[in-house]
>>> print(open('coords_0.tsv').read())   # TSV, C-alpha atoms
chain	number	residue	atom	x	y	z
F	1	MET	CA	-46.94	64.80	-19.05
F	2	LYS	CA	-48.35	63.90	-15.65
F	3	ASP	CA	-52.04	64.26	-16.41
F	4	ASP	CA	-51.91	63.56	-20.11
F	5	ALA	CA	-54.80	61.13	-20.02
F	6	ALA	CA	-56.87	63.51	-17.90
F	7	GLN	CA	-56.43	66.46	-20.23
F	8	ARG	CA	-57.23	64.47	-23.35
F	9	HIS	CA	-60.42	62.83	-22.08
F	10	ILE	CA	-61.20	60.84	-25.19
F	11	LEU	CA	-64.95	60.37	-25.18
F	12	PRO	CA	-66.54	57.14	-26.42
F	13	LEU	CA	-67.79	57.14	-30.02
F	14	ASN	CA	-71.29	56.17	-28.89
F	15	LEU	CA	-71.56	59.31	-26.77
F	16	TYR	CA	-70.88	61.54	-29.79
F	17	LEU	CA	-73.36	59.59	-31.89
F	18	ALA	CA	-76.00	59.77	-29.14
F	19	VAL	CA	-75.56	63.53	-28.74
F	20	GLY	CA	-75.67	63.99	-32.53
F	21	SER	CA	-78.87	61.94	-32.79
F	22	GLY	CA	-80.36	63.84	-29.86
F	23	LEU	CA	-79.70	67.11	-31.68
F	24	LEU	CA	-81.33	65.82	-34.86
F	25	VAL	CA	-84.38	64.56	-32.95
F	26	LEU	CA	-84.73	67.93	-31.20
F	27	THR	CA	-84.52	69.67	-34.61
F	28	VAL	CA	-87.41	67.55	-35.87
F	29	ILE	CA	-89.36	68.25	-32.67
F	30	THR	CA	-88.87	72.01	-32.93
F	31	VAL	CA	-90.05	72.06	-36.58
F	32	VAL	CA	-93.10	69.89	-35.81
F	33	VAL	CA	-94.04	71.87	-32.69
F	34	ALA	CA	-93.75	75.13	-34.66
F	35	GLN	CA	-96.63	73.96	-36.89
F	36	MET	CA	-98.92	73.94	-33.83
F	37	ASP	CA	-100.13	77.02	-32.04
F	38	PHE	CA	-99.52	77.47	-28.32
F	39	GLY	CA	-100.14	81.22	-28.36
F	40	PRO	CA	-97.55	83.24	-26.48
F	41	MET	CA	-95.82	79.98	-25.47
F	42	ASN	CA	-94.57	79.45	-29.05
F	43	LEU	CA	-91.47	81.61	-28.61
F	44	LEU	CA	-90.69	80.10	-25.20
F	45	ILE	CA	-90.99	76.54	-26.52
F	46	ALA	CA	-88.81	77.26	-29.57
F	47	MET	CA	-86.17	78.99	-27.41
F	48	GLY	CA	-86.35	76.25	-24.76
F	49	ILE	CA	-85.57	73.57	-27.34
F	50	ALA	CA	-82.76	75.74	-28.77
F	51	VAL	CA	-81.27	76.13	-25.28
F	52	ILE	CA	-81.34	72.34	-24.73
F	53	LYS	CA	-79.61	71.83	-28.11
F	54	ALA	CA	-77.04	74.52	-27.35
F	55	THR	CA	-76.34	72.93	-23.95
F	56	LEU	CA	-75.75	69.54	-25.59
F	57	VAL	CA	-73.33	71.07	-28.10
F	58	ALA	CA	-71.46	73.04	-25.43
F	59	MET	CA	-71.27	70.22	-22.87
F	60	PHE	CA	-70.29	67.32	-25.13
F	61	PHE	CA	-69.02	68.59	-28.51
F	62	MET	CA	-67.18	71.49	-26.87
F	63	HIS	CA	-66.16	69.29	-23.90
F	64	LEU	CA	-67.24	71.87	-21.28
F	65	LYS	CA	-68.53	69.07	-19.06
F	66	TYR	CA	-65.09	67.46	-18.90
F	67	ASP	CA	-62.71	70.40	-19.18
F	68	ASN	CA	-61.31	72.75	-16.59
F	69	LYS	CA	-64.25	74.77	-15.24
F	70	ILE	CA	-62.52	78.06	-16.07
F	71	TYR	CA	-63.76	77.66	-19.68
F	72	MET	CA	-67.29	77.15	-18.43
F	73	LEU	CA	-66.88	80.36	-16.43
F	74	VAL	CA	-65.67	82.34	-19.47
F	75	PHE	CA	-68.52	81.06	-21.61
F	76	SER	CA	-71.18	81.57	-18.93
F	77	GLY	CA	-69.79	85.06	-18.42
F	78	SER	CA	-70.40	85.90	-22.08
F	79	LEU	CA	-73.97	84.58	-21.83
F	80	LEU	CA	-74.59	86.46	-18.58
F	81	PHE	CA	-73.56	89.76	-20.12
F	82	LEU	CA	-75.50	89.00	-23.30
F	83	GLY	CA	-78.53	88.54	-21.02
F	84	VAL	CA	-77.88	91.84	-19.24
F	85	PHE	CA	-77.48	93.55	-22.61
F	86	ILE	CA	-80.74	92.27	-24.07
F	87	ILE	CA	-82.92	92.34	-20.93
F	88	PHE	CA	-81.93	95.88	-19.90
F	89	THR	CA	-82.48	97.06	-23.47
F	90	MET	CA	-85.94	95.46	-23.35
F	91	PHE	CA	-86.72	97.35	-20.10
F	92	ASP	CA	-86.22	100.50	-22.14
F	93	THR	CA	-87.68	99.68	-25.54
F	94	LEU	CA	-90.74	97.76	-24.28
F	95	ARG	CA	-91.78	100.45	-21.79
F	96	ARG	CA	-90.82	103.46	-23.89
F	97	GLY	CA	-94.38	103.84	-25.14
F	98	ASP	CA	-95.73	104.28	-21.59
F	99	ILE	CA	-93.51	107.23	-20.91
F	100	TYR	CA	-94.37	108.81	-24.22
F	101	GLU	CA	-98.07	108.44	-23.39
F	102	GLU	CA	-97.73	110.32	-20.11
F	103	ILE	CA	-95.72	113.09	-21.68
F	104	ALA	CA	-98.00	113.23	-24.68
F	105	GLU	CA	-101.28	113.24	-22.70
F	106	PRO	CA	-101.77	117.00	-22.22
F	107	TYR	CA	-100.88	117.69	-25.84
F	108	LEU	CA	-102.92	114.90	-27.35
F	109	LYS	CA	-106.11	116.30	-25.83
F	110	GLU	CA	-105.64	119.41	-27.92
F	111	ALA	CA	-104.17	117.96	-31.04
F	112	VAL	CA	-106.45	115.48	-32.72
F	113	ILE	CA	-104.18	115.25	-35.72
F	114	TYR	CA	-101.38	113.57	-33.74
F	115	ARG	CA	-103.61	110.85	-32.38
F	116	LYS	CA	-104.99	110.21	-35.84
F	117	ALA	CA	-101.58	109.99	-37.41
F	118	GLU	CA	-100.49	107.68	-34.65
F	119	THR	CA	-103.23	105.11	-35.04
F	120	THR	CA	-103.45	104.97	-38.80
F	121	THR	CA	-100.04	105.25	-40.38
F	122	ALA	CA	-97.48	103.88	-38.30
F	123	LEU	CA	-94.57	104.95	-37.90
F	124	SER	CA	-91.06	105.30	-38.73
F	125	HIS	CA	-90.75	105.26	-34.96
F	126	PRO	CA	-92.79	102.33	-33.69
F	127	ALA	CA	-92.10	103.03	-30.04
F	128	ALA	CA	-93.97	106.30	-30.17
F	129	ASP	CA	-97.05	104.39	-31.18
F	130	THR	CA	-98.46	103.37	-27.86
F	131	SER	CA	-101.83	102.02	-28.93
F	132	ASN	CA	-100.40	99.77	-31.62
F	133	THR	CA	-97.52	98.56	-29.53
F	134	ALA	CA	-99.86	97.55	-26.75
F	135	SER	CA	-102.26	95.63	-28.98
F	136	ASP	CA	-99.39	94.06	-30.91
F	137	THR	CA	-97.86	92.80	-27.73
F	138	VAL	CA	-101.08	91.14	-26.67
F	139	THR	CA	-101.55	89.36	-29.97
F	140	SER	CA	-97.89	88.56	-30.36
F	141	ASP	CA	-96.42	85.21	-31.27
F	142	HIS	CA	-99.20	83.31	-32.82
L	143	MET	CA	-33.68	66.68	-15.54
L	144	SER	CA	-36.91	65.54	-17.06
L	145	GLN	CA	-37.76	69.18	-17.75
L	146	ILE	CA	-34.83	69.49	-20.10
L	147	THR	CA	-34.98	66.15	-21.86
L	148	GLU	CA	-38.74	66.24	-22.26
L	149	HIS	CA	-39.02	68.89	-24.94
L	150	PRO	CA	-41.24	67.97	-27.89
L	151	ALA	CA	-40.89	69.97	-31.11
L	152	HIS	CA	-44.34	71.52	-30.72
L	153	LEU	CA	-43.64	72.92	-27.23
L	154	GLN	CA	-42.94	76.65	-27.35
L	155	HIS	CA	-40.16	77.86	-25.08
L	156	HIS	CA	-42.34	80.19	-23.01
L	157	PHE	CA	-44.53	77.36	-21.70
L	158	THR	CA	-43.62	75.07	-18.81
L	159	ASP	CA	-44.98	71.94	-20.47
L	160	VAL	CA	-47.31	70.82	-23.26
L	161	HIS	CA	-50.22	70.62	-20.86
L	162	GLN	CA	-49.88	74.26	-19.88
L	163	GLN	CA	-49.46	75.19	-23.53
L	164	ALA	CA	-52.66	73.40	-24.53
L	165	GLU	CA	-54.61	74.89	-21.62
L	166	SER	CA	-53.42	78.39	-22.51
L	167	ALA	CA	-54.47	77.95	-26.12
L	168	LYS	CA	-57.87	76.77	-25.00
L	169	LEU	CA	-58.37	79.68	-22.61
L	170	GLY	CA	-57.43	82.10	-25.38
L	171	MET	CA	-59.86	80.39	-27.73
L	172	TRP	CA	-62.71	80.60	-25.22
L	173	ILE	CA	-62.06	84.30	-24.70
L	174	PHE	CA	-62.23	84.73	-28.48
L	175	LEU	CA	-65.54	82.82	-28.49
L	176	LEU	CA	-66.76	85.18	-25.75
L	177	THR	CA	-66.15	88.13	-28.08
L	178	GLU	CA	-67.97	86.22	-30.82
L	179	VAL	CA	-71.01	85.75	-28.57
L	180	LEU	CA	-71.04	89.49	-27.86
L	181	LEU	CA	-70.55	90.33	-31.56
L	182	PHE	CA	-73.62	88.31	-32.47
L	183	GLY	CA	-75.26	89.56	-29.27
L	184	GLY	CA	-75.58	93.06	-30.73
L	185	LEU	CA	-77.56	91.64	-33.62
L	186	PHE	CA	-79.67	89.43	-31.34
L	187	CYS	CA	-80.50	92.56	-29.34
L	188	PHE	CA	-81.44	94.38	-32.56
L	189	TYR	CA	-83.68	91.44	-33.42
L	190	ALA	CA	-85.31	91.42	-29.97
L	191	ILE	CA	-86.09	95.15	-30.12
L	192	TYR	CA	-87.70	95.10	-33.55
L	193	ARG	CA	-89.54	91.84	-33.06
L	194	SER	CA	-91.05	93.12	-29.81
L	195	TRP	CA	-92.09	96.32	-31.59
L	196	ASN	CA	-93.45	94.61	-34.71
L	197	PRO	CA	-94.55	91.07	-33.75
L	198	ASP	CA	-97.22	90.84	-36.46
L	199	MET	CA	-94.95	92.07	-39.23
L	200	PHE	CA	-92.26	89.57	-38.16
L	201	HIS	CA	-94.85	86.81	-38.23
L	202	ASN	CA	-96.07	87.80	-41.71
L	203	ALA	CA	-92.57	88.24	-43.11
L	204	HIS	CA	-91.22	84.94	-41.75
L	205	ALA	CA	-93.77	83.05	-43.87
L	206	PHE	CA	-91.63	84.01	-46.89
L	207	LEU	CA	-88.68	81.97	-45.60
L	208	ASN	CA	-88.51	78.33	-46.63
L	209	VAL	CA	-88.72	76.22	-43.45
L	210	TRP	CA	-87.47	73.10	-45.23
L	211	MET	CA	-84.34	74.78	-46.52
L	212	GLY	CA	-83.71	76.18	-43.02
L	213	ALA	CA	-84.33	72.80	-41.38
L	214	THR	CA	-82.08	71.05	-43.91
L	215	ASN	CA	-79.34	73.54	-43.16
L	216	THR	CA	-79.80	72.92	-39.43
L	217	VAL	CA	-79.35	69.19	-39.95
L	218	VAL	CA	-76.33	69.81	-42.22
L	219	LEU	CA	-74.62	72.00	-39.61
L	220	ILE	CA	-75.35	69.61	-36.74
L	221	VAL	CA	-73.90	66.68	-38.69
L	222	SER	CA	-70.86	68.80	-39.61
L	223	SER	CA	-70.39	69.58	-35.92
L	224	LEU	CA	-70.48	65.85	-35.22
L	225	THR	CA	-67.91	65.09	-37.94
L	226	MET	CA	-65.67	67.86	-36.53
L	227	ALA	CA	-65.91	66.37	-33.03
L	228	LEU	CA	-65.11	62.93	-34.48
L	229	ALA	CA	-62.13	64.37	-36.40
L	230	ILE	CA	-60.66	65.51	-33.06
L	231	ARG	CA	-61.41	62.12	-31.47
L	232	SER	CA	-59.73	60.31	-34.37
L	233	MET	CA	-56.58	62.38	-33.95
L	234	GLN	CA	-56.63	61.74	-30.20
L	235	LEU	CA	-56.56	58.05	-31.09
L	236	GLY	CA	-53.82	58.64	-33.69
L	237	LYS	CA	-55.94	57.68	-36.68
L	238	ARG	CA	-54.64	60.20	-39.20
L	239	LYS	CA	-56.49	58.90	-42.29
L	240	LEU	CA	-59.82	58.88	-40.41
L	241	THR	CA	-59.19	62.44	-39.20
L	242	MET	CA	-58.70	63.51	-42.82
L	243	TRP	CA	-61.97	61.85	-43.84
L	244	PHE	CA	-63.88	63.59	-41.05
L	245	LEU	CA	-62.29	66.98	-41.83
L	246	ALA	CA	-63.15	66.56	-45.51
L	247	GLY	CA	-66.71	65.63	-44.56
L	248	THR	CA	-66.98	68.75	-42.38
L	249	VAL	CA	-65.81	70.99	-45.25
L	250	LEU	CA	-68.20	69.26	-47.65
L	251	LEU	CA	-71.17	69.77	-45.31
L	252	ALA	CA	-70.18	73.41	-44.77
L	253	CYS	CA	-70.19	73.86	-48.56
L	254	VAL	CA	-73.64	72.24	-48.78
L	255	PHE	CA	-74.80	74.76	-46.15
L	256	MET	CA	-73.49	77.67	-48.23
L	257	VAL	CA	-75.04	76.33	-51.44
L	258	ILE	CA	-78.47	76.10	-49.79
L	259	LYS	CA	-77.93	79.60	-48.40
L	260	TYR	CA	-77.06	80.78	-51.92
L	261	PHE	CA	-80.39	79.50	-53.26
L	262	GLU	CA	-82.27	81.17	-50.41
L	263	TYR	CA	-80.48	84.49	-50.84
L	264	SER	CA	-80.79	84.61	-54.64
L	265	HIS	CA	-84.53	83.91	-54.39
L	266	LYS	CA	-84.96	86.80	-51.94
L	267	ILE	CA	-82.76	89.15	-53.93
L	268	HIS	CA	-84.82	88.31	-57.01
L	269	LEU	CA	-88.09	89.11	-55.21
L	270	GLY	CA	-86.72	92.29	-53.66
L	271	GLN	CA	-87.00	91.05	-50.06
L	272	LEU	CA	-83.90	93.02	-49.16
L	273	PRO	CA	-82.68	95.10	-46.21
L	274	GLY	CA	-83.46	98.77	-45.78
L	275	LYS	CA	-83.68	100.99	-48.83
L	276	TRP	CA	-83.14	98.11	-51.27
L	277	TYR	CA	-86.43	96.49	-50.27
L	278	PHE	CA	-89.03	96.54	-53.07
L	279	PHE	CA	-91.21	93.49	-52.43
L	280	GLU	CA	-94.94	94.12	-52.06
L	281	GLY	CA	-97.11	91.59	-50.35
L	282	ILE	CA	-96.13	91.50	-46.70
L	283	ALA	CA	-98.74	92.99	-44.42
L	284	GLY	CA	-97.48	95.12	-41.56
L	285	THR	CA	-95.22	98.05	-40.89
L	286	ASN	CA	-91.72	98.21	-42.33
L	287	PRO	CA	-91.16	94.58	-43.41
L	288	HIS	CA	-87.72	95.60	-44.66
L	289	ILE	CA	-86.61	95.54	-41.00
L	290	PHE	CA	-87.22	91.80	-40.84
L	291	PHE	CA	-85.02	91.31	-43.89
L	292	SER	CA	-82.36	93.64	-42.49
L	293	ALA	CA	-82.17	91.37	-39.44
L	294	TYR	CA	-82.31	88.25	-41.62
L	295	PHE	CA	-79.51	89.28	-43.96
L	296	LEU	CA	-77.29	90.78	-41.26
L	297	MET	CA	-77.54	87.82	-38.88
L	298	THR	CA	-77.47	84.95	-41.38
L	299	GLY	CA	-74.91	86.93	-43.42
L	300	LEU	CA	-72.51	87.36	-40.51
L	301	HIS	CA	-73.06	83.70	-39.68
L	302	GLY	CA	-72.40	82.81	-43.34
L	303	PHE	CA	-69.06	84.64	-43.25
L	304	HIS	CA	-68.17	82.56	-40.20
L	305	VAL	CA	-69.02	79.40	-42.12
L	306	LEU	CA	-66.81	80.56	-45.02
L	307	GLY	CA	-64.01	81.26	-42.54
L	308	GLY	CA	-64.50	77.80	-41.07
L	309	ILE	CA	-64.26	76.21	-44.53
L	310	GLY	CA	-60.92	77.96	-45.05
L	311	VAL	CA	-59.45	76.99	-41.69
L	312	ILE	CA	-60.67	73.38	-41.82
L	313	THR	CA	-59.22	73.01	-45.34
L	314	TRP	CA	-55.91	74.25	-43.93
L	315	LEU	CA	-56.21	71.68	-41.11
L	316	PHE	CA	-56.83	68.97	-43.71
L	317	ILE	CA	-53.61	69.88	-45.51
L	318	LYS	CA	-51.65	70.02	-42.23
L	319	THR	CA	-53.06	66.64	-41.20
L	320	ALA	CA	-52.15	65.16	-44.58
L	321	ARG	CA	-48.59	66.45	-44.09
L	322	GLY	CA	-48.47	64.75	-40.72
L	323	SER	CA	-48.22	67.90	-38.57
L	324	PHE	CA	-50.54	66.51	-35.90
L	325	SER	CA	-50.29	63.59	-33.54
L	326	PRO	CA	-52.12	62.29	-30.45
L	327	GLU	CA	-49.68	64.46	-28.45
L	328	TYR	CA	-50.29	67.64	-30.45
L	329	TYR	CA	-53.58	68.44	-32.16
L	330	THR	CA	-54.36	71.83	-30.58
L	331	PRO	CA	-55.22	73.58	-33.90
L	332	ILE	CA	-57.84	70.92	-34.71
L	333	GLU	CA	-59.30	71.18	-31.20
L	334	MET	CA	-59.44	75.02	-31.30
L	335	THR	CA	-61.04	75.03	-34.76
L	336	GLY	CA	-63.51	72.49	-33.41
L	337	LEU	CA	-64.54	74.90	-30.64
L	338	TYR	CA	-65.02	77.66	-33.24
L	339	TRP	CA	-67.01	75.38	-35.51
L	340	HIS	CA	-69.30	74.25	-32.67
L	341	LEU	CA	-69.97	77.89	-31.78
L	342	VAL	CA	-70.96	78.57	-35.40
L	343	ASP	CA	-73.34	75.60	-35.12
L	344	LEU	CA	-74.60	76.86	-31.77
L	345	ILE	CA	-75.45	80.30	-33.19
L	346	TRP	CA	-77.34	78.71	-36.07
L	347	ILE	CA	-79.32	76.64	-33.54
L	348	PHE	CA	-80.75	79.97	-32.32
L	349	LEU	CA	-81.02	81.68	-35.72
L	350	PHE	CA	-83.11	78.85	-37.15
L	351	PRO	CA	-86.14	79.11	-34.79
L	352	LEU	CA	-85.85	82.91	-34.56
L	353	PHE	CA	-86.24	83.39	-38.33
L	354	TYR	CA	-87.87	80.28	-39.77
L	355	LEU	CA	-90.19	79.20	-36.94
L	356	ILE	CA	-91.91	82.35	-35.69
L	357	GLY	CA	-95.06	80.90	-34.17
>>> encode(input="coords_0.tsv", output="structure tokens")
Amino acid sequence: MKDDAAQRHILPLNLYLAVGSGLLVLTVITVVVAQMDFGPMNLLIAMGIAVIKATLVAMFFMHLKYDNKIYMLVFSGSLLFLGVFIIFTMFDTLRRGDIYEEIAEPYLKEAVIYRKAETTTALSHPAADTSNTASDTVTSDH
Amino acid sequence: MSQITEHPAHLQHHFTDVHQQAESAKLGMWIFLLTEVLLFGGLFCFYAIYRSWNPDMFHNAHAFLNVWMGATNTVVLIVSSLTMALAIRSMQLGKRKLTMWFLAGTVLLACVFMVIKYFEYSHKIHLGQLPGKWYFFEGIAGTNPHIFFSAYFLMTGLHGFHVLGGIGVITWLFIKTARGSFSPEYYTPIEMTGLYWHLVDLIWIFLFPLFYLIG
């Protein structure tokens, strides 16, 4: 029972209400900002606000700020590996088209039909479609 | 001597003291939440791949989601997270009646979330904006719009099942609290369910902009 008070860390009511209001304000901000167009920044802004909201929930509602830091480590670990998972997958799927282009080059010169099929219909397999993928990426997130 | 005399009913024999017991429960809960993050992570990865391959189609398809219903649900879940946190605080202070009110409020808000989700889903099912081979809606420009709805139904669906699970567990907590099973010394189940419920809220915080607010 030694550190009973320490482990319970009862937070003041006002702190909960402030964090709750902060989350609601950020929700309004993210909806309003989404109506404007910042080009490729749109996704980053939306995700940035979501990360701030998530941090508030984790730090205060989930008590990570006050608890033993081992829980913070476990949670950060899950996020770290989620990041590895998604980013390394993106290395593959985003660049897959480039490799296909190099391999396809000598054949495409001969076979007009492939190029035509590639640019017009598209594709049960979007990654094979280099031209579209490239232009899509440029015009993305608007 | 104090070790022997100090033995509350809720202390299991294999723990040294209540503090160690509570810390162990919390560590176990966080490891469970870690697996939850990775479970949803697979779907977030799926989303990232297909959105990066079809950015225009995702943009066109997202216009068919109702931003106001999504935003309302975001507010509902955030407030339910707040009531859950306050339920724990009330039990820490020994206010049993107040804890019951906050738990009931949390369940009510979770039900409101599911009702709004029901209206959204039934509208999409009616229009044929469905995953994979069940998709029959015409009117979304771009390649394979059914992929967007596969991601939408899988991710919000898995999240919805978590909300339903939460409703069940929090209802159970309400009954236990009413029976007087918890006290300022022992409220671990409420605290652990709170962590779960906040994670469900946290995942929705990301789902909302990813589906409803594609810029």
>>> interface_residues(input="coords_0.tsv", of="chain L", to="chain F", cutoff="7 Å", atoms="all atoms listed in the file", output="PDB file with C-alpha atoms, in the coordinates of the input")
ATOM      1  CA  HIS L 161     -50.220  70.620 -20.860  1.00  0.00           C
ATOM      2  CA  LEU L 169     -58.370  79.680 -22.610  1.00  0.00           C
ATOM      3  CA  TRP L 172     -62.710  80.600 -25.220  1.00  0.00           C
ATOM      4  CA  ILE L 173     -62.060  84.300 -24.700  1.00  0.00           C
ATOM      5  CA  LEU L 176     -66.760  85.180 -25.750  1.00  0.00           C
ATOM      6  CA  VAL L 179     -71.010  85.750 -28.570  1.00  0.00           C
ATOM      7  CA  LEU L 180     -71.040  89.490 -27.860  1.00  0.00           C
ATOM      8  CA  GLY L 183     -75.260  89.560 -29.270  1.00  0.00           C
ATOM      9  CA  CYS L 187     -80.500  92.560 -29.340  1.00  0.00           C
ATOM     10  CA  ILE L 191     -86.090  95.150 -30.120  1.00  0.00           C
ATOM     11  CA  TRP L 195     -92.090  96.320 -31.590  1.00  0.00           C
ATOM     12  CA  PRO L 197     -94.550  91.070 -33.750  1.00  0.00           C
ATOM     13  CA  ASP L 198     -97.220  90.840 -36.460  1.00  0.00           C
ATOM     14  CA  VAL L 217     -79.350  69.190 -39.950  1.00  0.00           C
ATOM     15  CA  VAL L 221     -73.900  66.680 -38.690  1.00  0.00           C
ATOM     16  CA  LEU L 224     -70.480  65.850 -35.220  1.00  0.00           C
ATOM     17  CA  ALA L 227     -65.910  66.370 -33.030  1.00  0.00           C
ATOM     18  CA  ARG L 231     -61.410  62.120 -31.470  1.00  0.00           C
ATOM     19  CA  GLN L 234     -56.630  61.740 -30.200  1.00  0.00           C
ATOM     20  CA  THR L 285     -95.220  98.050 -40.890  1.00  0.00           C
ATOM     21  CA  LEU L 337     -64.540  74.900 -30.640  1.00  0.00           C
ATOM     22  CA  HIS L 340     -69.300  74.250 -32.670  1.00  0.00           C
ATOM     23  CA  LEU L 344     -74.600  76.860 -31.770  1.00  0.00           C
ATOM     24  CA  ILE L 347     -79.320  76.640 -33.540  1.00  0.00           C
ATOM     25  CA  PHE L 348     -80.750  79.970 -32.320  1.00  0.00           C
ATOM     26  CA  PRO L 351     -86.140  79.110 -34.790  1.00  0.00           C
ATOM     27  CA  LEU L 355     -90.190  79.200 -36.940  1.00  0.00           C
ATOM     28  CA  ILE L 356     -91.910  82.350 -35.690  1.00  0.00           C
ATOM     29  CA  GLY L 357     -95.060  80.900 -34.170  1.00  0.00           C
TER      30      GLY L 357
END
>>> atom_distance(input="coords_0.tsv", atom1="atom CA of Ala203 of chain L", atom2="atom CA of Tyr260 of chain L")
19.3 Å
>>> closest_residue(input="coords_0.tsv", among="L:Tyr338, L:Lys237, L:Ala167, L:Leu185", to="Ser292 of chain L", atoms="all atoms listed in the file")
L:Leu185
>>> atom_distance(input="coords_0.tsv", atom1="atom CA of Asn196 of chain L", atom2="atom CA of Arg96 of chain F")
14.2 Å
>>> residues_around(input="coords_0.tsv", residues="segment 314-329 of chain L", least_positions_apart="2", cutoff="6 Å", atoms="all atoms listed in the file", output="list in words")
Met233, Gln234, Gly236, Met242, Val311, Ile312, Pro331 and Ile332 of chain L
>>> decode(input="coords_0.tsv", residues="segment 62-79 of chain F", atoms="N, CA and C atoms", output="compact mmCIF listing (two decimals), in the first residue's frame")
# COMPACT_ATOMS: atom_id res chain seq x y z
N MET F 62 -5.74 8.01 -21.34
CA MET F 62 -5.13 6.71 -21.08
C MET F 62 -4.01 6.80 -20.04
N HIS F 63 -3.81 8.00 -19.50
CA HIS F 63 -2.88 8.22 -18.37
C HIS F 63 -1.41 7.92 -18.69
N LEU F 64 -1.04 7.83 -19.97
CA LEU F 64 0.35 7.47 -20.28
C LEU F 64 1.34 8.47 -19.70
N LYS F 65 0.91 9.74 -19.62
CA LYS F 65 1.80 10.79 -19.11
C LYS F 65 2.15 10.54 -17.64
N TYR F 66 1.24 9.91 -16.91
CA TYR F 66 1.42 9.79 -15.45
C TYR F 66 1.85 8.39 -15.02
N ASP F 67 1.59 7.41 -15.89
CA ASP F 67 1.85 6.02 -15.51
C ASP F 67 3.32 5.65 -15.65
N ASN F 68 3.62 4.47 -15.18
CA ASN F 68 4.92 3.84 -15.39
C ASN F 68 5.26 3.90 -16.89
N LYS F 69 6.50 4.27 -17.21
CA LYS F 69 6.85 4.49 -18.62
C LYS F 69 6.93 3.19 -19.43
N ILE F 70 6.83 2.06 -18.75
CA ILE F 70 6.86 0.78 -19.49
C ILE F 70 5.67 0.68 -20.44
N TYR F 71 4.51 1.28 -20.03
CA TYR F 71 3.31 1.23 -20.89
C TYR F 71 3.50 2.09 -22.13
N MET F 72 4.17 3.22 -21.91
CA MET F 72 4.49 4.12 -23.02
C MET F 72 5.38 3.37 -24.02
N LEU F 73 6.31 2.59 -23.47
CA LEU F 73 7.26 1.83 -24.31
C LEU F 73 6.50 0.79 -25.14
N VAL F 74 5.59 0.06 -24.49
CA VAL F 74 4.81 -0.97 -25.20
C VAL F 74 4.01 -0.33 -26.33
N PHE F 75 3.34 0.78 -26.00
CA PHE F 75 2.49 1.44 -26.99
C PHE F 75 3.33 2.02 -28.13
N SER F 76 4.42 2.70 -27.78
CA SER F 76 5.30 3.27 -28.81
C SER F 76 5.85 2.15 -29.69
N GLY F 77 6.15 1.01 -29.06
CA GLY F 77 6.66 -0.13 -29.82
C GLY F 77 5.68 -0.56 -30.89
N SER F 78 4.39 -0.61 -30.52
CA SER F 78 3.38 -1.02 -31.51
C SER F 78 3.33 -0.01 -32.65
N LEU F 79 3.45 1.29 -32.32
CA LEU F 79 3.38 2.31 -33.36
C LEU F 79 4.63 2.27 -34.25
